[in-house]
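Trainee: Take a look at the following structure, please.
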Amino acid sequence: LWVEPGTFMMGSPESEANRYYSDLQHEVTLTKGFYLGKYEVTQAQWEKVMGNNPSKFKGADRPVEEVSWSDAVEFCKKLTEMEKKAGRVPEGMAYQLPTEAQWEYACRAGTTTVYSWGDSISAKNANYDRGFYGTTPVGKYPANPWGFHDMHGNVWEWCADWYDTYPSGSVTDPEGPASGQLGRVDRGGSWLSGGTFLRTARRESDYPGTRLSEVGFRVGLRASK
């Protein structure tokens with residue numbers, strides 16, 4: 001789905017329930033539009049590009065998981081090569097993980113509430129807190145106002161950025177620090193998470209080589225560096 005450029009408040013206000021210390025609210029302007037997957041990358045899509053399926057919870061239309069940040073980056077590179085050969089990649093663009101700011105902008109979809117649908121959560125909203133039941137097929141739950149599914153729950157989603165504290169002032173097109181020791185950002189919560197972990201502003205991180213059944217990703221198409 002195409003996402004228009006714009007300005008939004010990233011993070012959460014101090015009044016938000018269950019707010020986390022790293023949620024510092026600040027203004028972000030994104031000057032360039034970008035494409036982002038309507039759904040999390042599925043196991044069928046992963047197999048078509050990578051030729052294997054590492055997932056614990058098997059199903060062609062379930063999100064791929066047990067993939068590291070480095071695995072996801074490699075998928076994006078191979079997908080770009082395949083689609084360029086087929087003439088389907090716009091000039092100057094490449095498949096990449098979204099930046100953390102792009103991810104939250106698309107997740108919020110113009111909303112300022114705790115979740116993209118409101119301030120409370122129930123089993124009808126997303127796949128979360130399911131013990132050992134695992135993932136569900138992508139798109140099972142309602143889309144957010146911009147048409148994106150499962151940005152809350154199902155699997156945590158890798159972002160491009162290294163994890164770090166937010167700046168205190170307004171920023172434009174942030175991409176996070178050039179390096180880091182706190183891991184790469186993942187967002188959105190998972191099938192195993194409690195509801196507060198699915199808040200739009202909630203941030204987590206894992207080391208780039210980590211592979212977990214709660215972590216997958218969604219692919220972006222944006223200007224290449």
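A note on labels: chains of the structure tokens are A, B, ... as shown, every chain counts residues from 1, and ligands are counted from 1 in their shown order.
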Mind checking which residues fall within 8 Å of region 169-174 of chain A, counting only C-alpha atoms, ignoring those fewer than 4 positions away in the same chain, and posting them as a PyMOL selection string?
Mentor: chain A and resi 26-31+99+101
Trainee: Excluding Val155 (chain A) and its own-chain neighbours fewer than 3 positions away, which residues fall within 9 Å of it when counting only C-alpha atoms? Please give them as a VMD selection string.
Mentor: chain A and resid 40 63 to 65 127 to 128 135 150 to 152 187 to 192 213 to 217
Trainee: Using backbone DSSP assignments, extract all strand (DSSP E or B) residues from region 13-100 of chain A; output them as a ChimeraX atom specification.
Mentor: /A:24,26-30,34-36,42,63,93-96
Trainee: Here is a test: counting only C-alpha atoms, which residue of A:Tyr163, A:Trp156, A:Tyr39, A:Trp2 is nearest to Val67 (chain A)?
Mentor: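 Residue with the minimum atom-to-atom distance to Val67 (chain A): A:Trp156.
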Trainee: Excluding same-chain residues fewer than 2 positions from Pro177 (chain A), what lies within 12 Å of it counting only C-alpha atoms, as a ChimeraX atom specification?
Mentor: /A:99-100,160-167,174-175,179-185
Trainee: List the neighbours of region 48-50 of chain A out to 10 Å using only C-alpha atoms; skip same-chain residues closer than 4 positions along the sequence, and give me the result as a PyMOL selection string.
Mentor: chain A and resi 43-44+71+74-79+82
Trainee: Which distance in Å separates CA of Ser12 (chain A) and CA of Asn125 (chain A), to one decimal?
Mentor: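 Computing it gives 20.2 Å between the two atoms.
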Trainee: Can you list, as a list of chain:residue names, every protein, DNA or RNA residue that comes within 10 Å of Thr113 (chain A) when you count only C-alpha atoms, leaving out same-chain residues fewer than 3 positions away?
Mentor: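 Contacts, in chain order: A:Ser12, A:Pro13, A:Glu16, A:Arg108, A:Gly110, A:Ser116, A:Trp117, A:Gly118, A:Asp119, A:Ser120, A:Arg199, A:Thr200, A:Ala201.
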Trainee: Just the selected residues (N, CA and C atoms), exported as a JSON list (two decimals), in the first residue's frame, please.
Mentor:
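Output contents, as saved in result_24.json:
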[["chain", "number", "residue", "atom", "x", "y", "z"],
["A", 12, "SER", "N", 4.25, 8.16, 22.83],
["A", 12, "SER", "CA", 2.98, 8.28, 23.55],
["A", 12, "SER", "C", 3.00, 9.46, 24.51],
["A", 13, "PRO", "N", 1.83, 10.06, 24.75],
["A", 13, "PRO", "CA", 1.75, 11.15, 25.73],
["A", 13, "PRO", "C", 1.96, 10.59, 27.14],
["A", 16, "GLU", "N", -0.77, 8.43, 28.79],
["A", 16, "GLU", "CA", -1.21, 7.13, 28.28],
["A", 16, "GLU", "C", -0.97, 6.02, 29.30],
["A", 108, "ARG", "N", -0.17, 3.85, 13.09],
["A", 108, "ARG", "CA", -1.12, 4.83, 13.62],
["A", 108, "ARG", "C", -2.20, 5.18, 12.60],
["A", 110, "GLY", "N", -3.01, 7.82, 11.12],
["A", 110, "GLY", "CA", -3.75, 9.03, 11.42],
["A", 110, "GLY", "C", -4.41, 9.06, 12.80],
["A", 116, "SER", "N", -4.62, 1.42, 17.05],
["A", 116, "SER", "CA", -5.17, 2.10, 15.87],
["A", 116, "SER", "C", -6.70, 2.09, 15.85],
["A", 117, "TRP", "N", -7.33, 1.24, 16.68],
["A", 117, "TRP", "CA", -8.79, 1.17, 16.72],
["A", 117, "TRP", "C", -9.37, 1.87, 17.94],
["A", 118, "GLY", "N", -8.54, 2.25, 18.92],
["A", 118, "GLY", "CA", -9.06, 2.89, 20.13],
["A", 118, "GLY", "C", -8.13, 2.70, 21.31],
["A", 119, "ASP", "N", -8.66, 2.82, 22.51],
["A", 119, "ASP", "CA", -7.83, 2.80, 23.71],
["A", 119, "ASP", "C", -7.91, 1.50, 24.51],
["A", 120, "SER", "N", -8.71, 0.55, 24.06],
["A", 120, "SER", "CA", -8.80, -0.74, 24.75],
["A", 120, "SER", "C", -8.65, -1.86, 23.73],
["A", 199, "ARG", "N", 0.50, -1.92, 22.11],
["A", 199, "ARG", "CA", 0.27, -0.49, 21.95],
["A", 199, "ARG", "C", 1.07, 0.04, 20.75],
["A", 200, "THR", "N", 0.50, 0.98, 20.04],
["A", 200, "THR", "CA", 1.15, 1.53, 18.85],
["A", 200, "THR", "C", 2.54, 2.07, 19.16],
["A", 201, "ALA", "N", 2.72, 2.68, 20.32],
["A", 201, "ALA", "CA", 3.99, 3.32, 20.66],
["A", 201, "ALA", "C", 5.02, 2.36, 21.25]]
Trainee: Could you check the closest approach to Lys32 (chain A) for each of A:Ala223, A:Ser168, A:Ala17, A:Asn53 and tell me which residue wins, using only C-alpha atoms?
Mentor: A:Ala223
Trainee: Of the candidates A:Lys56, A:Arg218, A:Lys38, A:Arg211, which one gets nearest to Phe132 (chain A) if we count only C-alpha atoms?
Mentor: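 When distances to Phe132 (chain A) are compared using only C-alpha atoms, the smallest one comes from A:Lys56.
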